[in-house]
$ cat model-v4.cif   # mmCIF, C-alpha atoms
data_input
loop_
_atom_site.label_atom_id
_atom_site.label_comp_id
_atom_site.auth_asym_id
_atom_site.auth_seq_id
_atom_site.Cartn_x
_atom_site.Cartn_y
_atom_site.Cartn_z
CA MET A 1 108.87 71.62 73.39
CA HIS A 2 112.63 72.13 73.24
CA ALA A 3 114.80 69.76 75.26
CA ASN A 4 116.31 72.54 77.37
CA LEU A 5 112.88 73.81 78.32
CA ILE A 6 111.71 70.32 79.23
CA ALA A 7 114.78 69.81 81.41
CA ALA A 8 114.24 73.10 83.19
CA CYS A 9 110.56 72.43 83.76
CA LEU A 10 111.23 69.07 85.33
CA PHE A 11 112.58 70.86 88.39
CA ALA A 12 109.08 72.19 89.02
CA ILE A 13 107.24 68.86 88.98
CA GLY A 14 105.52 68.22 92.28
CA LEU A 15 105.72 71.84 93.34
CA ALA A 16 102.85 73.13 94.18
CA GLY A 17 94.55 89.39 77.91
CA CYS A 18 91.78 90.69 77.69
CA THR A 19 91.63 94.24 76.27
CA ASP A 20 87.92 95.05 75.97
CA LYS A 21 86.51 97.84 78.12
CA SER A 22 83.61 99.27 76.16
CA SER A 23 80.14 97.88 76.65
CA GLY A 24 79.89 96.68 73.08
CA ALA A 25 83.26 95.02 72.52
CA ASP A 26 83.93 91.31 72.70
CA GLU A 27 80.85 90.20 74.61
CA SER A 28 80.09 87.08 72.58
CA GLY A 29 80.06 84.00 74.75
CA LEU A 30 79.19 85.84 77.95
CA SER A 31 76.14 84.68 79.84
CA GLN A 32 73.69 87.36 80.86
CA LEU A 33 74.99 87.17 84.45
CA GLU A 34 78.57 87.63 83.24
CA LEU A 35 77.47 90.49 80.99
CA VAL A 36 75.91 92.32 83.94
CA GLY A 37 79.16 91.80 85.81
CA LYS A 38 81.18 93.21 82.93
CA ARG A 39 79.02 96.33 82.68
CA VAL A 40 79.31 96.97 86.43
CA PHE A 41 83.06 96.21 86.43
CA PHE A 42 83.78 98.97 83.91
CA ASP A 43 81.15 101.52 85.00
CA THR A 44 82.96 104.69 86.10
CA ALA A 45 79.68 106.41 87.05
CA LEU A 46 79.27 104.32 90.20
CA SER A 47 81.99 105.93 92.32
CA ASN A 48 81.81 109.08 94.45
CA PRO A 49 82.84 111.30 92.74
CA PRO A 50 82.22 109.54 89.43
CA GLY A 51 85.28 108.49 87.48
CA GLN A 52 86.51 105.23 89.02
CA SER A 53 85.39 101.67 88.32
CA CYS A 54 86.67 98.23 89.26
CA GLY A 55 88.49 98.28 85.93
CA SER A 56 90.26 101.53 86.78
CA CYS A 57 92.53 99.74 89.23
CA HIS A 58 92.17 96.32 87.59
CA ASP A 59 92.94 97.45 84.06
CA PRO A 60 93.01 94.71 81.38
CA ALA A 61 95.90 96.51 79.67
CA SER A 62 97.94 96.15 82.87
CA GLY A 63 97.08 92.51 83.44
CA PHE A 64 94.03 93.49 85.52
CA SER A 65 96.15 95.54 87.90
CA GLY A 66 97.06 99.24 87.95
CA ASN A 67 97.23 102.23 90.27
CA PHE A 68 94.67 104.65 88.74
CA GLY A 69 97.10 107.51 88.27
CA GLY A 70 98.90 107.05 91.56
CA THR A 71 102.64 107.70 91.42
CA ALA A 72 103.52 106.43 94.90
CA GLY A 73 103.17 102.73 94.09
CA VAL A 74 99.59 102.66 95.37
CA PRO A 75 96.32 103.73 93.69
CA LEU A 76 94.44 106.96 94.18
CA ALA A 77 90.85 106.97 95.38
CA ALA A 78 87.95 108.10 93.20
CA ASP A 79 88.67 111.73 94.06
CA ARG A 80 92.08 111.32 92.36
CA LEU A 81 93.65 112.93 95.44
CA THR A 82 93.44 110.44 98.31
CA PRO A 83 96.29 107.90 98.14
CA GLY A 84 95.75 104.29 99.05
CA LEU A 85 97.75 102.10 101.39
CA ARG A 86 98.62 99.07 99.24
CA ASN A 87 99.64 98.25 95.72
CA THR A 88 96.74 96.88 93.65
CA PRO A 89 96.82 93.07 93.38
CA THR A 90 95.94 91.66 89.98
CA ALA A 91 92.45 90.28 89.43
CA SER A 92 93.80 87.91 86.79
CA TYR A 93 93.72 84.24 87.85
CA ALA A 94 92.03 85.25 91.13
CA ARG A 95 89.34 82.63 90.59
CA PHE A 96 91.87 79.94 91.53
CA THR A 97 92.47 81.36 95.02
CA PRO A 98 91.06 79.11 97.76
CA ALA A 99 89.15 80.50 100.73
CA PHE A 100 91.25 81.79 103.60
CA THR A 101 92.35 79.18 106.15
CA LEU A 102 94.56 79.05 109.22
CA THR A 103 96.14 75.66 109.91
CA SER A 104 98.09 74.79 113.04
CA LEU A 105 101.65 73.63 112.45
CA GLY A 106 103.40 72.95 115.71
CA THR A 107 103.37 76.13 117.79
CA HIS A 108 102.53 78.35 114.83
CA GLN A 109 99.83 78.69 112.23
CA VAL A 110 100.02 78.64 108.45
CA ALA A 111 97.75 81.05 106.56
CA ARG A 112 96.62 80.34 103.02
CA GLY A 113 94.17 81.74 100.49
CA GLY A 114 91.54 84.44 100.56
CA GLN A 115 91.10 87.50 98.35
CA PHE A 116 93.04 90.76 98.83
CA LEU A 117 96.66 90.83 99.98
CA ASP A 118 95.52 89.96 103.52
CA GLY A 119 92.88 87.37 102.63
CA ARG A 120 90.09 89.24 104.40
CA ALA A 121 87.53 88.33 101.71
CA ALA A 122 86.75 84.64 101.47
CA THR A 123 85.39 84.68 97.91
CA LEU A 124 85.38 86.76 94.75
CA GLU A 125 81.81 87.77 95.63
CA ASP A 126 82.92 89.07 99.04
CA GLN A 127 85.82 90.94 97.50
CA ALA A 128 83.71 92.55 94.77
CA GLY A 129 81.49 94.36 97.24
CA MET A 130 84.14 95.98 99.43
CA PRO A 131 85.73 98.61 97.13
CA PHE A 132 82.37 100.29 96.52
CA PHE A 133 82.31 101.57 100.11
CA SER A 134 86.01 102.08 100.85
CA THR A 135 86.99 105.73 101.30
CA GLY A 136 90.30 104.98 99.61
CA GLU A 137 88.55 103.51 96.57
CA MET A 138 85.08 104.12 95.11
CA ASN A 139 83.92 105.92 98.26
CA LEU A 140 80.14 105.35 98.15
CA ALA A 141 78.31 106.37 101.30
CA SER A 142 75.89 103.45 101.46
CA VAL A 143 74.31 100.50 99.72
CA ALA A 144 71.36 102.76 98.97
CA GLN A 145 73.62 105.16 97.06
CA LEU A 146 75.00 102.28 95.00
CA SER A 147 71.44 101.16 94.28
CA GLU A 148 70.50 104.65 93.06
CA ARG A 149 73.44 104.77 90.67
CA LEU A 150 72.81 101.30 89.32
CA ALA A 151 69.14 102.18 88.76
CA ALA A 152 70.25 105.15 86.66
CA ALA A 153 72.68 103.08 84.56
CA ALA A 154 71.95 102.37 80.90
CA TYR A 155 72.17 98.65 81.67
CA ALA A 156 69.57 98.77 84.48
CA PRO A 157 67.06 96.91 82.27
CA LEU A 158 69.61 94.13 81.89
CA ILE A 159 69.89 93.90 85.69
CA ARG A 160 66.09 93.64 85.97
CA GLU A 161 66.00 90.99 83.27
CA GLU A 162 68.60 88.91 85.07
CA PHE A 163 67.48 89.37 88.68
CA GLY A 164 63.79 90.27 88.47
CA ALA A 165 61.68 93.40 88.07
CA GLU A 166 61.73 94.19 91.82
CA ILE A 167 65.50 93.92 92.33
CA PHE A 168 65.94 97.70 92.81
CA SER A 169 63.40 97.75 95.65
CA ASP A 170 65.87 95.96 97.96
CA PRO A 171 69.35 97.58 97.89
CA GLN A 172 70.93 94.79 99.94
CA GLN A 173 69.66 92.13 97.55
CA LEU A 174 70.86 94.26 94.65
CA LEU A 175 74.34 94.42 96.16
CA HIS A 176 74.34 90.64 96.51
CA ALA A 177 73.20 90.31 92.89
CA VAL A 178 75.80 92.62 91.35
CA THR A 179 78.70 91.18 93.36
CA ARG A 180 77.65 87.73 92.15
CA ALA A 181 77.65 89.10 88.61
CA ILE A 182 81.09 90.71 88.99
CA ALA A 183 82.49 87.46 90.37
CA ALA A 184 80.96 85.52 87.48
CA PHE A 185 82.66 87.89 85.03
CA GLU A 186 85.98 87.52 86.87
CA ARG A 187 85.68 83.75 86.57
CA THR A 188 85.55 83.90 82.77
CA ASP A 189 88.55 82.80 80.77
CA ARG A 190 89.36 86.38 79.76
CA PHE A 191 90.76 86.82 83.29
CA ALA A 192 92.72 83.57 83.01
CA PRO A 193 93.46 82.86 79.34
CA PHE A 194 96.80 81.05 79.80
CA SER A 195 98.00 82.81 76.64
CA SER A 196 101.53 83.74 77.69
CA LYS A 197 104.74 82.91 75.87
CA LEU A 198 105.46 80.23 78.46
CA ASP A 199 102.05 78.63 77.95
CA ASN A 200 102.65 78.51 74.21
CA ALA A 201 106.18 77.18 74.75
CA LEU A 202 104.86 74.42 76.98
CA ALA A 203 102.42 73.55 74.19
CA GLY A 204 105.31 73.34 71.70
CA ASP A 205 104.26 76.39 69.68
CA ALA A 206 106.87 78.89 70.86
CA ALA A 207 110.48 78.85 71.99
CA LEU A 208 111.97 80.69 74.94
CA SER A 209 115.14 82.64 74.26
CA ASP A 210 118.38 81.44 75.82
CA LEU A 211 118.09 84.14 78.49
CA GLU A 212 114.47 83.19 79.26
CA GLN A 213 115.35 79.50 79.46
CA GLU A 214 118.18 80.31 81.85
CA GLY A 215 115.77 82.36 83.94
CA LEU A 216 113.36 79.42 84.09
CA ARG A 217 116.17 77.10 85.13
CA LEU A 218 117.15 79.46 87.95
CA PHE A 219 113.51 80.02 88.91
CA VAL A 220 112.85 76.35 89.58
CA ASP A 221 116.28 75.39 90.96
CA PRO A 222 115.90 75.02 94.77
CA LEU A 223 119.60 75.78 95.20
CA LYS A 224 119.54 78.94 93.11
CA GLY A 225 116.42 81.03 92.56
CA ASN A 226 114.29 78.80 94.78
CA CYS A 227 111.29 80.78 93.52
CA THR A 228 108.95 77.79 93.30
CA ALA A 229 109.15 77.38 97.07
CA CYS A 230 106.39 80.03 97.13
CA HIS A 231 105.53 80.75 93.50
CA ALA A 232 104.74 77.14 92.82
CA PHE A 233 103.83 75.63 89.48
CA ASN A 234 103.82 72.18 87.94
CA ALA A 235 104.75 72.24 84.26
CA GLU A 236 103.57 68.69 83.71
CA SER A 237 100.21 69.02 85.44
CA GLY A 238 96.94 69.06 83.56
CA LEU A 239 95.41 71.17 86.33
CA ALA A 240 95.16 74.88 85.64
CA SER A 241 95.36 75.54 89.38
CA GLU A 242 98.92 74.16 89.40
CA ARG A 243 100.17 76.69 86.86
CA ILE A 244 99.25 79.86 88.73
CA PHE A 245 102.75 80.58 90.13
CA THR A 246 101.69 80.88 93.76
CA ASP A 247 100.97 78.54 96.65
CA PHE A 248 98.64 81.20 98.17
CA THR A 249 100.56 81.24 101.47
CA TYR A 250 101.67 84.29 103.48
CA HIS A 251 105.14 85.58 104.27
CA ALA A 252 106.70 88.57 106.00
CA LEU A 253 109.54 89.59 103.69
CA GLY A 254 110.96 92.70 105.34
CA VAL A 255 110.14 94.91 102.37
CA PRO A 256 111.69 98.41 102.48
CA ARG A 257 109.38 101.12 103.74
CA ASN A 258 107.69 103.18 101.03
CA ASP A 259 108.00 106.76 102.25
CA ARG A 260 105.76 107.97 99.41
CA ILE A 261 102.70 106.42 101.09
CA ALA A 262 100.96 109.14 103.12
CA ALA A 263 100.20 106.87 106.09
CA ASN A 264 103.90 106.09 106.47
CA ALA A 265 104.64 109.70 107.41
CA ASP A 266 103.74 108.54 110.91
CA PRO A 267 106.82 106.57 112.07
CA ALA A 268 104.63 104.59 114.46
CA PHE A 269 102.37 103.33 111.67
CA PHE A 270 102.99 99.96 110.04
CA ASP A 271 100.85 97.97 107.66
CA LEU A 272 100.92 94.56 109.32
CA GLY A 273 99.01 92.58 106.72
CA LEU A 274 97.41 89.66 108.55
CA CYS A 275 97.51 91.70 111.75
CA GLY A 276 95.77 94.76 110.31
CA PRO A 277 94.87 97.49 109.78
CA LYS A 278 92.52 96.28 107.03
CA ARG A 279 91.55 92.92 108.53
CA ALA A 280 90.96 91.57 112.03
CA ARG A 281 94.22 90.60 113.68
CA VAL A 282 95.16 86.93 113.54
CA ALA A 283 96.17 85.43 116.87
CA ASP A 284 99.64 84.21 115.86
CA ASP A 285 102.22 87.01 116.24
CA ALA A 286 104.50 85.19 113.80
CA LEU A 287 102.05 86.09 111.01
CA CYS A 288 102.17 89.81 111.67
CA ALA A 289 103.44 91.76 108.63
CA ALA A 290 102.76 88.72 106.42
CA PHE A 291 101.11 89.22 103.02
CA LYS A 292 99.81 86.71 100.49
CA VAL A 293 102.16 85.34 97.85
CA PRO A 294 100.76 86.78 94.59
CA THR A 295 100.48 85.07 91.26
CA LEU A 296 103.32 85.97 88.92
CA ARG A 297 101.12 85.77 85.85
CA ASN A 298 101.03 89.18 84.13
CA VAL A 299 103.59 90.44 86.63
CA GLY A 300 105.51 92.17 83.83
CA ARG A 301 102.54 94.46 83.27
CA LYS A 302 102.31 95.73 86.82
CA GLN A 303 103.13 99.36 87.54
CA ALA A 304 104.52 98.75 91.04
CA PHE A 305 105.73 95.78 93.04
CA MET A 306 105.44 94.33 96.55
CA HIS A 307 102.48 94.99 98.84
CA ASN A 308 103.44 98.63 99.38
CA GLY A 309 104.49 99.35 95.79
CA VAL A 310 107.98 100.35 96.90
CA PHE A 311 109.64 99.08 93.72
CA GLY A 312 108.89 100.61 90.36
CA THR A 313 110.42 97.93 88.14
CA LEU A 314 110.18 94.17 87.97
CA ARG A 315 113.95 93.83 88.01
CA ASP A 316 114.18 95.82 91.25
CA ALA A 317 111.67 93.43 92.83
CA VAL A 318 113.67 90.38 91.68
CA ALA A 319 116.88 91.95 92.96
CA PHE A 320 115.27 92.58 96.35
CA HIS A 321 114.41 88.89 96.67
CA ALA A 322 117.93 87.89 95.65
CA ARG A 323 119.49 90.10 98.33
CA ARG A 324 116.81 89.86 101.01
CA GLY A 325 118.26 89.70 104.49
CA SER A 326 121.44 91.59 103.59
CA GLY A 327 120.10 95.00 104.64
CA SER A 328 117.88 96.51 107.28
CA PRO A 329 114.17 95.76 106.80
CA LEU A 330 112.27 98.99 107.21
CA ASP A 331 108.55 98.26 106.94
CA VAL A 332 108.21 96.02 109.99
CA PRO A 333 108.32 97.22 113.62
CA ALA A 334 111.56 96.34 115.38
CA ALA A 335 109.68 94.14 117.85
CA MET A 336 108.31 92.01 114.99
CA ARG A 337 111.42 91.60 112.88
CA ALA A 338 111.86 88.07 114.16
CA SER A 339 108.83 87.21 112.04
CA ILE A 340 110.62 88.05 108.79
CA ASP A 341 110.98 84.88 106.76
CA LEU A 342 114.59 84.46 105.67
CA ALA A 343 114.42 80.68 105.36
CA VAL A 344 112.76 80.70 101.95
CA ARG A 345 114.64 82.99 99.60
CA PRO A 346 116.89 82.96 96.53
CA TYR A 347 120.47 81.88 96.97
CA GLY A 348 123.21 84.06 95.56
CA LEU A 349 121.83 85.32 92.26
CA ASP A 350 124.35 87.57 90.52
CA GLU A 351 123.43 90.51 88.30
CA GLY A 352 123.23 88.41 85.14
CA GLU A 353 121.09 85.81 86.86
CA ILE A 354 118.75 88.53 88.12
CA ASP A 355 118.40 89.66 84.50
CA ALA A 356 117.62 86.10 83.42
CA VAL A 357 114.91 85.55 86.05
CA THR A 358 113.39 88.92 85.15
CA ALA A 359 113.34 87.95 81.47
CA PHE A 360 111.63 84.66 82.30
CA LEU A 361 108.97 86.39 84.41
CA ARG A 362 108.04 88.50 81.39
CA THR A 363 107.14 85.30 79.55
CA LEU A 364 104.19 84.96 81.96
CA ASP A 365 102.31 87.94 80.49
CA ASP A 366 99.14 86.96 78.65
CA GLY A 367 98.49 87.96 75.06
CA PHE A 368 101.53 86.37 73.41
CA GLY A 369 99.54 83.76 71.51
CA PRO A 370 96.45 81.55 71.64
CA SER A 371 94.95 80.50 74.96
CA ARG A 372 96.46 77.28 76.24
CA ILE A 373 94.07 76.60 79.10
CA PRO A 374 94.98 73.23 80.64
CA PRO A 375 92.32 70.68 79.75
CA LYS A 376 91.47 69.61 83.29
#

$ encode --input "model-v4.cif" --output "structure tokens"
Amino acid sequence: MHANLIAACLFAIGLAGCTDKSSGADESGLSQLELVGKRVFFDTALSNPPGQSCGSCHDPASGFSGNFGGTAGVPLAADRLTPGLRNTPTASYARFTPAFTLTSLGTHQVARGGQFLDGRAATLEDQAGMPFFSTGEMNLASVAQLSERLAAAAYAPLIREEFGAEIFSDPQQLLHAVTRAIAAFERTDRFAPFSSKLDNALAGDAALSDLEQEGLRLFVDPLKGNCTACHAFNAESGLASERIFTDFTYHALGVPRNDRIAANADPAFFDLGLCGPKRARVADDALCAAFKVPTLRNVGRKQAFMHNGVFGTLRDAVAFHARRGSGSPLDVPAAMRASIDLAVRPYGLDEGEIDAVTAFLRTLDDGFGPSRIPPK
């Protein structure tokens, strides 16, 4: 590793691609359970109407994110007409997310973990089952309808082989089985290969450019980018979980309102994250409009940025963080704007420094070189 890179990474100490879609490609090494999960994950015949799969919005080519043809920063539903409410979070590295918890800290609570941007699913298994029945996603009417479509799939014999000959006689048990299979597939290393340019640089087999090294220095400097205050990583750790570039906490950032989202046509409507509308409201008002800190791995491959997809480029998202608090936040009700977290933010990044941080973030995209999965 180059000396400049080592020096930059030392700031972070103590802070806490796969391309195959077809059923026959790159399946060596998968267990039968994982293989079932892969077939279900990419099956576009399961939605209503057919045409959308898990992989449609969690596209390997986009770092397991994507908006399924949506141009408003949020995905379309299976009908390719109904717009969603939130930008698709990546499924890459999701296996490292802890279960959702609320911890008391003085008079307030700290939220951490959980799947989705609001943590409403405790596990990958829980998460995998919800999009099947969401009207804004795969839009199935019932568990029975899912069971019928799975029974008609070419891989139905594989499901019977894995879960027993009678599995299709109990739709609820079938749902449990296939969500377990999807989660098993999502826990494979193809979702978390640690094959980015940074991973290879940390292993001594690649070199960051001067601009990328400067971006890393700014990223970890608590008096400059201050990014590791939320997007934590430990360059010296042998734990994969400490190189995910998130601490899994929740923050209300005061993101600009995305007027392209259909629901936002109602000026009284606000997506309040931990306070709904998709999850049950948490008791602490200070957590209203807070969303989970996402991993930054594969962030350069995303099609939209922030929970509402308001920004179309990675640089715009970095610039927003650098200037946050200087304008009027639009996507939080006036009565809740005191909850916006301005204490943890970048400090005075100029245009060139924004470019440098953006360049560094692009070194987190998988597929640059061999997998460098930490050994522990």

$ resolve_selection --input "model-v4.cif" --expression "the PyMOL selection byres ((chain A and resi 161-164) around 12)" --output "PyMOL selection string"
chain A and resi 31-37+155-160+165-170+173-178+180-181

$ resolve_selection --input "model-v4.cif" --expression "the PyMOL selection byres ((chain A and resi 130) around 12)" --output "count of residues only"
30

$ axis_aligned_box --input "model-v4.cif" --around "stretch 152-170 of chain A" --padding-each-side "5 Å" --output "JSON"
{"center_x": 67.2, "center_y": 97.0, "center_z": 89.4, "size_x": 21.0, "size_y": 26.2, "size_z": 27.1}

$ closest_residue --input "model-v4.cif" --among "A:Leu272, A:Val282, A:Ala263, A:Ala72" --to "A:Thr88" --atoms "only C-alpha atoms"
A:Ala72

$ atom_distance --input "model-v4.cif" --atom1 "atom CA of A:Ser53" --atom2 "atom CA of A:Ser371"
26.8 Å

$ resolve_selection --input "model-v4.cif" --expression "the PyMOL selection byres ((chain A and resi 102) around 10)" --output "list in words"
Phe100, Thr101, Thr103, Ser104, Leu105, His108, Gln109, Val110, Ala111, Arg112, Gly113, Val282 and Asp284 of chain A

$ atom_distance --input "model-v4.cif" --atom1 "atom CA of A:Arg324" --atom2 "atom CA of A:Gly352"
17.2 Å

$ closest_residue --input "model-v4.cif" --among "A:Ala192, A:Ala268, A:Gly51, A:Pro60" --to "A:Arg80" --atoms "all atoms listed in the file"
A:Gly51

$ atom_distance --input "model-v4.cif" --atom1 "atom CA of A:Ala252" --atom2 "atom CA of A:Val293"
9.9 Å

$ closest_residue --input "model-v4.cif" --among "A:Ser28, A:Asn234, A:Thr82, A:Ser92" --to "A:Ser65" --atoms "all atoms listed in the file"
A:Ser92

$ closest_residue --input "model-v4.cif" --among "A:Gly114, A:His321, A:Gly238, A:Pro49" --to "A:Pro98" --atoms "all atoms listed in the file"
A:Gly114
